[in-house]
Amino acid sequence: MIQKSPTKTEYFRQIGDALSGPTREEAHALSKQKPYKNEKRLKSDIVEIDKSSRRNFLTAAAAAAGGAIAAGTVGSKTAKAEKLSVPEWTQSMGRPLDAKVYGMPSKYEKHVTRNRTDVLVNKQNFSDWSMTPLQHQHGIITPNGLIYERHHAGIADIDPDKHRLVVHGMVRNPMVYTMDGITRYPSQSKFHFMECSGNGLTDWLTPKATTVQQTHGLLSCSQWTGIPVSWVLDEAGVDPNAKWVLFEGADGSAHARSIPIDMAMSGAMLVYGSGGEMLRPENGYPLRLFIPGWEGNVDVKWLRRIKVSDKPWHLRSETARYTDPMPNGKWRQFSMTMECKSVITNPSGGMQLKGPGNYEIKGFAWSGAGTITAVDITLDGGKTWRTADLKGPIMDQCLTQFSYSWNWDGGPAKIASRAVDNTGYVQPTVADLQKPRLISGFVQHHNGIFPWAVSEKGEVTNAIG
């Protein structure tokens, strides 16, 4: 029996059925395995929406397209009369193949750049940072040329053949490694995000930054390649009484951090590659430390020295910087785990919606404590929440994409995301964070819910505070 071909609308409905995500109950099954540690996310807090799935988004789009075709119009001309023009690039030879070249992005993508901060503008560009354009990132992997930067004495230019890594201190056999020696070990590659603890520090209580690149761009994600730190420590023979390990860089600032021995022996890596190639100079070439899920400041670049001790060093980067002020006049030290967090990247600050209709709200969620199990979306400033779709792959201590199909009615809206990880931790509001901490001055570790305002004209602006 010959079956009638489906109409375009029916075809998209079928695709929608195949692509539509799990039910709300299925989406929350994993997160229900443990009680929430934060009572802000309640069952009564989540609104059931029948028309928020990808199925309905595709159906609505298909219906609109089908209506245009049925009416026989595409713009001012009929669909049958419209001819596909032959562009100039189809009528000529393309650029010839180079014998040797490193491929670069299209010239039409030159607006996608890593930018220095435009909020805390430094008069010099040696101790400074530049940010990843998250609004232009497609997928969880950040291109090597767009991974964020944070430097204390500029970018070191190191000859890998002359570079050495020393392991000494409370060890039986002090060791010296060359890059050739390190790369001879069996390598490991792992996908993880990297985030500076200062990510978002300008926008705690009042809007300072305009775009998501400036509010959250001290965040990147890559496939990191190297070897476990434990391998070189085992070769050196660590003293049983050792408690801490110093990692020091070879740049002009000799930036260093104290790391607990347990972390140095478990998750820490000596990394020489990212995104399938050797590290870029600005990201620590030829060797850096990398600790999954911890603040980026501990991922010491241009690594030259590892010293084992029984106590931390209490360096400037562990006392005057990268610590958290508390209400009792004290400061919290060694708070290195980057807690569960998310942000909407599209639509986000500086963007313009082109009239009412269907839009895909999308963004990233991540947690230094584990994996993302759920993301909720609010359209009304936190009064009600809806469940977003999580897009695979979903990996431990890695960026996770989320999306939500939104039919904007053209009225003002206040959108934000809220993430949950597999420990049961729910991303807090800034008000929640103000209860145990003092939000004043140069404050690190901002993982609060971050809102964007959408005006009736479709303008998207920073709505923190």
# chains A, B, ... in the order shown; residues from 1 in each chain; ligands from 1
$ closest_atom_pairs --of "segment 163-205 of chain A" --to "segment 297-300 of chain A" --cutoff "9 Å" --atoms "only C-alpha atoms" --output "CSV"
residue,atom,partner,partner_atom,distance
A:Met194,CA,A:Asp299,CA,8.8
A:Glu195,CA,A:Asn297,CA,8.6
A:Cys196,CA,A:Asn297,CA,6.3
A:Ser197,CA,A:Asn297,CA,7.2
$ write_last_selection --atoms "C-alpha atoms" --output "CSV table (one decimal), in the first residue's frame"
chain,number,residue,atom,x,y,z
A,194,MET,CA,38.0,26.2,33.7
A,195,GLU,CA,36.7,29.3,35.5
A,196,CYS,CA,38.5,32.2,37.2
A,197,SER,CA,37.2,32.8,40.8
$ residues_around --residues "Leu205 of chain A" --least-positions-apart "2" --cutoff "8 Å" --atoms "only C-alpha atoms" --output "number ranges by chain"
A: 203, 207, 430, 464-465
$ closest_atom_pairs --of "segment 354-405 of chain A" --to "segment 139-142 of chain A" --cutoff "10 Å" --atoms "only C-alpha atoms" --output "JSON lines"
{"residue": "A:Gly363", "atom": "CA", "partner": "A:Gly139", "partner_atom": "CA", "distance": 9.8}
{"residue": "A:Phe364", "atom": "CA", "partner": "A:Ile140", "partner_atom": "CA", "distance": 8.0}
{"residue": "A:Lys391", "atom": "CA", "partner": "A:Gly139", "partner_atom": "CA", "distance": 9.5}
{"residue": "A:Gly392", "atom": "CA", "partner": "A:Ile140", "partner_atom": "CA", "distance": 9.6}
{"residue": "A:Pro393", "atom": "CA", "partner": "A:Ile140", "partner_atom": "CA", "distance": 8.9}
{"residue": "A:Ile394", "atom": "CA", "partner": "A:Ile140", "partner_atom": "CA", "distance": 9.9}
{"residue": "A:Cys398", "atom": "CA", "partner": "A:Ile140", "partner_atom": "CA", "distance": 8.1}
{"residue": "A:Leu399", "atom": "CA", "partner": "A:Ile140", "partner_atom": "CA", "distance": 5.7}
{"residue": "A:Thr400", "atom": "CA", "partner": "A:Ile140", "partner_atom": "CA", "distance": 6.7}
{"residue": "A:Gln401", "atom": "CA", "partner": "A:Ile140", "partner_atom": "CA", "distance": 6.9}
$ write_last_selection --atoms "N, CA and C atoms" --output "short mmCIF file (atom, residue, chain, number, x, y, z; two decimals), in the first residue's frame"
data_model
loop_
_atom_site.label_atom_id
_atom_site.label_comp_id
_atom_site.auth_asym_id
_atom_site.auth_seq_id
_atom_site.Cartn_x
_atom_site.Cartn_y
_atom_site.Cartn_z
N GLY A 363 22.05 28.42 27.01
CA GLY A 363 23.16 28.84 27.85
C GLY A 363 23.96 27.66 28.33
N PHE A 364 24.78 27.91 29.35
CA PHE A 364 25.66 26.88 29.90
C PHE A 364 25.44 26.76 31.41
N LYS A 391 21.33 19.31 27.07
CA LYS A 391 21.85 18.73 25.84
C LYS A 391 23.15 18.00 26.13
N GLY A 392 23.23 16.76 25.68
CA GLY A 392 24.43 15.98 25.90
C GLY A 392 25.58 16.45 25.03
N PRO A 393 26.80 16.02 25.35
CA PRO A 393 27.09 15.13 26.47
C PRO A 393 27.09 15.88 27.81
N ILE A 394 26.70 15.17 28.87
CA ILE A 394 26.72 15.73 30.22
C ILE A 394 27.85 15.03 30.97
N CYS A 398 32.20 19.77 33.80
CA CYS A 398 32.30 20.20 32.41
C CYS A 398 31.11 21.09 32.09
N LEU A 399 31.23 21.94 31.08
CA LEU A 399 30.08 22.73 30.66
C LEU A 399 28.98 21.82 30.14
N THR A 400 27.74 22.17 30.47
CA THR A 400 26.56 21.47 29.96
C THR A 400 25.67 22.50 29.30
N GLN A 401 25.24 22.22 28.08
CA GLN A 401 24.33 23.13 27.39
C GLN A 401 22.89 22.88 27.83
#
$ closest_residue --among "A:Ser455, A:Asn122, A:Ser266, A:Thr384" --to "Met351 of chain A" --atoms "only C-alpha atoms"
A:Ser455
$ atom_distance --atom1 "atom CA of Gln213 of chain A" --atom2 "atom CA of Gly249 of chain A"
27.3 Å
$ select_by_dssp --residues "segment 190-220 of chain A" --states "helix (DSSP H, G or I)" --output "JSON, numbers by chain"
{"A": [212, 213, 214, 215, 216]}
$ write_last_selection --atoms "N, CA and C atoms" --output "compact mmCIF listing (two decimals), in the first residue's frame"
# COMPACT_ATOMS: atom_id res chain seq x y z
N VAL A 212 27.34 39.19 28.15
CA VAL A 212 27.67 37.99 28.91
C VAL A 212 29.17 37.70 28.83
N GLN A 213 29.82 38.19 27.79
CA GLN A 213 31.27 38.05 27.70
C GLN A 213 31.95 38.80 28.84
N GLN A 214 31.39 39.96 29.21
CA GLN A 214 31.98 40.75 30.28
C GLN A 214 31.51 40.32 31.66
N THR A 215 30.32 39.72 31.77
CA THR A 215 29.85 39.27 33.08
C THR A 215 30.34 37.88 33.44
N HIS A 216 30.48 36.99 32.43
CA HIS A 216 30.79 35.59 32.70
C HIS A 216 31.92 35.03 31.83
$ residues_around --residues "Ser335 of chain A" --least-positions-apart "3" --cutoff "10 Å" --atoms "only C-alpha atoms" --output "PyMOL selection string"
chain A and resi 197+294-295+318+322-324+332+338-339+444-445
$ closest_residue --among "A:Trp129, A:Trp204, A:Gly357, A:Pro327" --to "Ala431 of chain A" --atoms "only C-alpha atoms"
A:Trp204
$ closest_residue --among "A:Ala453, A:Leu218, A:Val229, A:Val238" --to "Asn173 of chain A" --atoms "only C-alpha atoms"
A:Val238
$ residues_around --residues "segment 112-117 of chain A" --least-positions-apart "5" --cutoff "12 Å" --atoms "only C-alpha atoms" --output "PyMOL selection string"
chain A and resi 105-107+122-138+142-151+198-202+208-220+282
$ closest_residue --among "A:Pro228, A:Pro292, A:Pro286, A:Gly252" --to "His163 of chain A" --atoms "only C-alpha atoms"
A:Pro286
$ closest_residue --among "A:Ser187, A:Thr387, A:Ser417, A:Thr206" --to "Ile439 of chain A" --atoms "only C-alpha atoms"
A:Thr206
$ closest_residue --among "A:Gly273, A:Trp331, A:Lys362, A:Leu289" --to "Val443 of chain A" --atoms "only C-alpha atoms"
A:Trp331
$ residues_around --residues "Ala416 of chain A" --least-positions-apart "6" --cutoff "8 Å" --atoms "only C-alpha atoms" --output "list in words"
Val343, Ile344, Ile377, Thr378, Leu379, Gly381, Gly382, Ile449, Phe450, Pro451 and Trp452 of chain A
$ select_by_dssp --residues "segment 278-446 of chain A" --states "strand (DSSP E)" --output "ChimeraX atom specification"
/A:278,288-290,303-309,324-325,331-332,341-346,357-366,372-378,386-387,389-391,400-408,413-421
$ residues_around --residues "Cys340 of chain A" --least-positions-apart "2" --cutoff "9 Å" --atoms "only C-alpha atoms" --output "list in words"
Met338, Ser342, Ala365, Trp366, Ser367, Gly368, Ala369, Gly370, Thr371, Ile372, Ala419, Val420, Asp421, Tyr425, Val426, Gln427, Pro428 and Asn447 of chain A
$ write_last_selection --atoms "C-alpha atoms" --output "PDB file, in the first residue's frame"
ATOM      1  CA  MET A 338      33.760  26.500  41.825  1.00  0.00           C
ATOM      2  CA  SER A 342      24.653  28.734  35.071  1.00  0.00           C
ATOM      3  CA  ALA A 365      25.594  25.252  33.339  1.00  0.00           C
ATOM      4  CA  TRP A 366      28.559  23.808  35.239  1.00  0.00           C
ATOM      5  CA  SER A 367      29.639  22.603  38.671  1.00  0.00           C
ATOM      6  CA  GLY A 368      33.059  22.038  40.180  1.00  0.00           C
ATOM      7  CA  ALA A 369      31.475  19.494  42.523  1.00  0.00           C
ATOM      8  CA  GLY A 370      30.077  17.141  39.880  1.00  0.00           C
ATOM      9  CA  THR A 371      27.568  16.934  37.034  1.00  0.00           C
ATOM     10  CA  ILE A 372      24.559  19.072  36.138  1.00  0.00           C
ATOM     11  CA  ALA A 419      21.219  25.004  37.867  1.00  0.00           C
ATOM     12  CA  VAL A 420      21.209  21.910  40.084  1.00  0.00           C
ATOM     13  CA  ASP A 421      24.101  19.432  40.377  1.00  0.00           C
ATOM     14  CA  TYR A 425      23.142  21.825  45.442  1.00  0.00           C
ATOM     15  CA  VAL A 426      20.861  24.445  43.870  1.00  0.00           C
ATOM     16  CA  GLN A 427      22.348  27.601  42.391  1.00  0.00           C
ATOM     17  CA  PRO A 428      21.552  30.390  44.879  1.00  0.00           C
ATOM     18  CA  ASN A 447      27.782  31.848  41.485  1.00  0.00           C
TER      19      ASN A 447
END
$ residues_around --residues "Leu287 of chain A" --least-positions-apart "3" --cutoff "10 Å" --atoms "only C-alpha atoms" --output "number ranges by chain"
A: 158, 160, 163-165, 179, 182, 226, 249-250, 270-273, 278-281, 283-284, 290, 300-304
